[in-house]
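Trainee: Here it is, the structure in full.
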Amino acid sequence: MKTLDKIPTGKIERTGSLLKAGAKVGANYLKYYGNKITKDEEQARKILNQDNASDIYDSLKELKGSALKVAQMLSMEKNMLPVEYVEKFSLSQFSVPPLSGALVKKTFRKYFGKNPEDLFDEFSSESVNAASIGQVHKAKKGSQNLAVKIQYPGVRESISSDLKMVKPIAMKMFNIKKEGSESYFQEVEDKLYEETNYHLELERSQQFSESCSHLPNILFPAYYPEYSCEKIITMDWMSGLHLSEFTRQLNAQQDLNKIGQTLWDFYMYQMHVLKKVHADPHPGNFLVSEDQQLLVIDFGCIKEIPDDFYIPYFELAKEENLKNPQIFREKLYALEILRHEDSHEEKEFFAQLFYELLELFTRPFNQETFDFSNEEFFREIADLGQRYSKISNIKGMNTNRGSRHFIYLNRTFFGLYHMMHDLKAQDVVINHYLNFIKP
């Protein structure tokens with residue numbers, strides 16, 4: 001893969017890159033109308049989606065930063081986007097063009113006053129992993145193998161302007177109304193600023209590693225503040241397969257169950273005990289070692305869960321509360337899903353919508369064990385999303401629903417469920433995390 005000697009950092013440069021992609025998308029639609037004459041609708045639509053996904057992704061991967069991060073987030077929306085977009089955008093998790101060696105050295109000289117080769121005994125000039133916000137290099141100090149994560153230049157500085165560029169696309173894609181949407185976009189912007197604060201990430205990584213180190217079958221790297229700064233984090237090198245690579249192999253069911261239970265316990269312990277959660281649950285952030293241990297290698301995106309959201313959110317996960325009309329409505333108001341100024345039609349529509357969503361998504365929480373290999377369960381999720389996306393009367397309603405805290409909690413559960421499904425984990429004990437709460 002070719003390396004990048006420069007990343008556009010100015011607003012005009014970055015906007016121009018997206019405008020070029022927009023022009024290509026326009027040309028793709030002209031090609032689509034021609035294809036409809038010689039091909040059936042399904043074939044023509046598939047070609048259109050493939051071409052558009054490639055052109056948009058090619059533009060975003062050159063920009064990196066927040067624009068590419070949004071593509072990564074969208075790649076997890078498997079039930080909302082066409083499969084062609086999901087497949088292409090998922091590359092942003094761990095496969096994008098890396099920075100050139102010259103730019104990497106420039107970053108080291110700026111923050112450490114020396115080249116990486118002078119700081120470490122060994123340093124690989126080629127990155128081993130490049131994603132949306134940074135890339136990873138392998139290094140060695142004494143006998144210790146290290147992973148050195150380097151943030152791309154200009155990423156933090158372009159967050160606000162990037163989001164302004166992609167905001168209209170996101171609003172159209174998810175039918176978001178302008179009025180009342182500010183808190184949602186502010187939540188995303190705040191989280192992106194946190195993700196580009198490597199001082200904060202280093203602190204959180206150490207905290208999570210310490211808080212969760214007693215959980216069985218899970219390992220975390222040690223971190224090295226003396227080789228870290230606001231644009232660089234150095235940690236232990238962890239050897240293993242990315243979760244997506246692991247699930248593509250032929251694995252014994254007991255190994256899949258073991259990793260699945262470990263992943264589930266890790267998330268439930270965070271949710272219910274720490275009240276803050278690793279909110280970027282995609283396969284690029286997890287490895288599986290040769291002896292089937294789960295390795296967690298990135299804590300850039302952490303969502304803290306306030307009690308005034310946590311309590312009604314998980315009270316609605318209980319079947320008896322879902323089936324109690326009074327309690328159900330109370331919690332919908334508490335979570336800002338229903339509003340007192342809503343019309344009768346809106347109240348009835350969204351109460352029914354969220355009842356169906358919650359009844360489906362909370363099924364695992366109302367069983368002692370759950371089978372995440374159950375294709376029917378995930379087919380129901382996909383069908384529900386498709387069904388509501390085609391309802392015409394939703395277009396005239398205010399669809400901005402729910403507290404801003406839903407954005408990253410829902411993202412977490414979507415990502416977790418899909419990883420559990422990819423693992424085909426069976427007989428997962430839902431409340432197994434209770435065994436690990438410290439007295």
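Ligands are numbered from 1 in the order shown, residues from 1 within each chain, and chains are lettered A, B, ... in the order they appear in the structure tokens.
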Once you count only C-alpha atoms, what closest atom pair and distance in Å to one decimal does each residue of segment 105-196 of chain A within 10 Å of segment 278-293 of chain A have, with rows by chain and rising residue number, as a tab-separated table?
Mentor:
```
residue	atom	partner	partner_atom	distance
A:Asn129	CA	A:Gly284	CA	9.5
A:Ala131	CA	A:Gly284	CA	9.0
A:Lys191	CA	A:Ala279	CA	9.9
```
Trainee: Which residue gives the smallest distance to Glu245 of chain A among A:Ala27, A:Ala317, A:Met419, A:Ala222, with only C-alpha atoms counted?
Mentor: A:Met419
Trainee: Any idea what the distance is between atom CA of Leu243 of chain A and atom CA of Asp383 of chain A?
Mentor: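 So the answer is 26.1 Å.
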Trainee: Which residue out of A:Ile430, A:Ile437, A:Ala425, A:Met238 has the minimum interatomic distance to Asp255 of chain A when only C-alpha atoms are used?
Mentor: A:Ala425
Trainee: With a distance cut-off of 10 Å and only C-alpha atoms, select the neighbouring residues of segment 149-152 of chain A, excluding the residue or stretch itself and same-chain residues fewer than 4 positions from it, and output the selection as an MDAnalysis selection string.
Mentor: chainID A and resid 6:7 63:65 98:99 103:104 107:108 127 129:138 156 196:198 228:235 298
Trainee: Taking the chain letters and numbering used in this document, name the residues of segment 117-267 of chain A that DSSP puts in strand (DSSP E or B), as an mmCIF file with N, CA, C and O atoms, in the first residue's frame.
Mentor:
```
data_model
loop_
_atom_site.group_PDB
_atom_site.id
_atom_site.type_symbol
_atom_site.label_atom_id
_atom_site.label_comp_id
_atom_site.auth_asym_id
_atom_site.auth_seq_id
_atom_site.Cartn_x
_atom_site.Cartn_y
_atom_site.Cartn_z
ATOM 1 N N GLU A 122 15.107 -0.549 18.342
ATOM 2 C CA GLU A 122 14.661 -0.895 16.992
ATOM 3 C C GLU A 122 13.341 -0.190 16.731
ATOM 4 O O GLU A 122 12.522 -0.027 17.643
ATOM 5 N N PHE A 123 13.118 0.244 15.485
ATOM 6 C CA PHE A 123 11.856 0.898 15.126
ATOM 7 C C PHE A 123 11.561 0.603 13.663
ATOM 8 O O PHE A 123 12.378 0.887 12.783
ATOM 9 N N ASN A 129 -0.227 -1.149 11.032
ATOM 10 C CA ASN A 129 -1.673 -0.974 11.119
ATOM 11 C C ASN A 129 -1.976 0.508 10.977
ATOM 12 O O ASN A 129 -1.416 1.325 11.700
ATOM 13 N N ALA A 130 -2.837 0.871 10.041
ATOM 14 C CA ALA A 130 -3.215 2.267 9.855
ATOM 15 C C ALA A 130 -4.728 2.378 9.864
ATOM 16 O O ALA A 130 -5.418 1.640 9.162
ATOM 17 N N GLY A 134 -4.926 7.315 13.681
ATOM 18 C CA GLY A 134 -3.495 7.096 13.837
ATOM 19 C C GLY A 134 -3.047 5.781 13.243
ATOM 20 O O GLY A 134 -3.865 4.991 12.774
ATOM 21 N N GLN A 135 -1.735 5.560 13.262
ATOM 22 C CA GLN A 135 -1.171 4.314 12.760
ATOM 23 C C GLN A 135 -0.187 3.760 13.776
ATOM 24 O O GLN A 135 0.312 4.485 14.638
ATOM 25 N N VAL A 136 0.100 2.449 13.671
ATOM 26 C CA VAL A 136 0.915 1.762 14.669
ATOM 27 C C VAL A 136 2.200 1.247 14.032
ATOM 28 O O VAL A 136 2.178 0.686 12.930
ATOM 29 N N HIS A 137 3.302 1.442 14.744
ATOM 30 C CA HIS A 137 4.605 0.922 14.336
ATOM 31 C C HIS A 137 5.116 -0.031 15.410
ATOM 32 O O HIS A 137 4.813 0.129 16.597
ATOM 33 N N LYS A 138 5.897 -0.988 14.983
ATOM 34 C CA LYS A 138 6.505 -1.920 15.928
ATOM 35 C C LYS A 138 7.884 -1.399 16.322
ATOM 36 O O LYS A 138 8.642 -0.897 15.479
ATOM 37 N N ALA A 139 8.200 -1.501 17.611
ATOM 38 C CA ALA A 139 9.486 -1.030 18.121
ATOM 39 C C ALA A 139 9.999 -2.007 19.172
ATOM 40 O O ALA A 139 9.280 -2.922 19.603
ATOM 41 N N LYS A 140 11.253 -1.775 19.593
ATOM 42 C CA LYS A 140 11.839 -2.635 20.628
ATOM 43 C C LYS A 140 12.732 -1.790 21.528
ATOM 44 O O LYS A 140 13.477 -0.919 21.059
ATOM 45 N N LYS A 141 12.638 -2.031 22.824
ATOM 46 C CA LYS A 141 13.502 -1.387 23.808
ATOM 47 C C LYS A 141 14.008 -2.478 24.742
ATOM 48 O O LYS A 141 13.222 -3.087 25.467
ATOM 49 N N GLN A 144 11.958 -5.825 25.296
ATOM 50 C CA GLN A 144 10.517 -5.597 25.249
ATOM 51 C C GLN A 144 10.058 -5.173 23.857
ATOM 52 O O GLN A 144 10.545 -4.188 23.300
ATOM 53 N N ASN A 145 9.128 -5.931 23.279
ATOM 54 C CA ASN A 145 8.500 -5.553 22.012
ATOM 55 C C ASN A 145 7.394 -4.540 22.281
ATOM 56 O O ASN A 145 6.571 -4.738 23.184
ATOM 57 N N LEU A 146 7.367 -3.479 21.498
ATOM 58 C CA LEU A 146 6.447 -2.370 21.747
ATOM 59 C C LEU A 146 5.612 -2.041 20.519
ATOM 60 O O LEU A 146 6.030 -2.279 19.380
ATOM 61 N N ALA A 147 4.425 -1.487 20.775
ATOM 62 C CA ALA A 147 3.572 -0.920 19.725
ATOM 63 C C ALA A 147 3.532 0.586 19.954
ATOM 64 O O ALA A 147 3.243 1.044 21.058
ATOM 65 N N VAL A 148 3.835 1.346 18.913
ATOM 66 C CA VAL A 148 3.883 2.807 19.026
ATOM 67 C C VAL A 148 2.803 3.395 18.119
ATOM 68 O O VAL A 148 2.869 3.269 16.889
ATOM 69 N N LYS A 149 1.795 4.011 18.737
ATOM 70 C CA LYS A 149 0.678 4.589 17.977
ATOM 71 C C LYS A 149 0.928 6.082 17.770
ATOM 72 O O LYS A 149 1.138 6.820 18.729
ATOM 73 N N ILE A 150 0.880 6.506 16.508
ATOM 74 C CA ILE A 150 1.199 7.887 16.137
ATOM 75 C C ILE A 150 -0.036 8.528 15.497
ATOM 76 O O ILE A 150 -0.602 8.000 14.534
ATOM 77 N N GLN A 151 -0.458 9.668 16.031
ATOM 78 C CA GLN A 151 -1.629 10.367 15.503
ATOM 79 C C GLN A 151 -1.259 11.137 14.239
ATOM 80 O O GLN A 151 -0.190 11.740 14.149
ATOM 81 N N ILE A 218 -8.644 -12.424 29.766
ATOM 82 C CA ILE A 218 -8.508 -11.164 29.043
ATOM 83 C C ILE A 218 -7.194 -10.511 29.458
ATOM 84 O O ILE A 218 -6.808 -10.549 30.628
ATOM 85 N N LEU A 219 -6.492 -9.935 28.484
ATOM 86 C CA LEU A 219 -5.204 -9.304 28.751
ATOM 87 C C LEU A 219 -5.165 -7.903 28.155
ATOM 88 O O LEU A 219 -5.805 -7.627 27.137
ATOM 89 N N TYR A 223 1.479 0.227 29.502
ATOM 90 C CA TYR A 223 1.692 1.492 28.792
ATOM 91 C C TYR A 223 2.929 2.196 29.338
ATOM 92 O O TYR A 223 3.277 2.042 30.512
ATOM 93 N N ILE A 232 1.560 10.670 20.537
ATOM 94 C CA ILE A 232 2.162 9.330 20.467
ATOM 95 C C ILE A 232 1.856 8.565 21.748
ATOM 96 O O ILE A 232 1.947 9.123 22.846
ATOM 97 N N ILE A 233 1.449 7.283 21.603
ATOM 98 C CA ILE A 233 1.268 6.400 22.755
ATOM 99 C C ILE A 233 2.091 5.136 22.517
ATOM 100 O O ILE A 233 2.015 4.536 21.443
ATOM 101 N N THR A 234 2.862 4.750 23.527
ATOM 102 C CA THR A 234 3.662 3.531 23.429
ATOM 103 C C THR A 234 3.163 2.512 24.446
ATOM 104 O O THR A 234 2.942 2.843 25.620
ATOM 105 N N MET A 235 2.979 1.287 23.984
ATOM 106 C CA MET A 235 2.449 0.213 24.825
ATOM 107 C C MET A 235 3.122 -1.100 24.439
ATOM 108 O O MET A 235 3.870 -1.168 23.451
ATOM 109 N N ASP A 236 2.846 -2.149 25.199
ATOM 110 C CA ASP A 236 3.358 -3.475 24.850
ATOM 111 C C ASP A 236 2.806 -3.922 23.502
ATOM 112 O O ASP A 236 1.647 -3.656 23.171
ATOM 113 N N LEU A 241 -4.490 -12.549 16.439
ATOM 114 C CA LEU A 241 -5.281 -12.268 15.242
ATOM 115 C C LEU A 241 -6.360 -11.248 15.577
ATOM 116 O O LEU A 241 -6.970 -11.306 16.649
ATOM 117 N N HIS A 242 -6.596 -10.306 14.651
ATOM 118 C CA HIS A 242 -7.758 -9.442 14.822
ATOM 119 C C HIS A 242 -9.000 -10.325 14.927
ATOM 120 O O HIS A 242 -9.072 -11.396 14.307
#
```
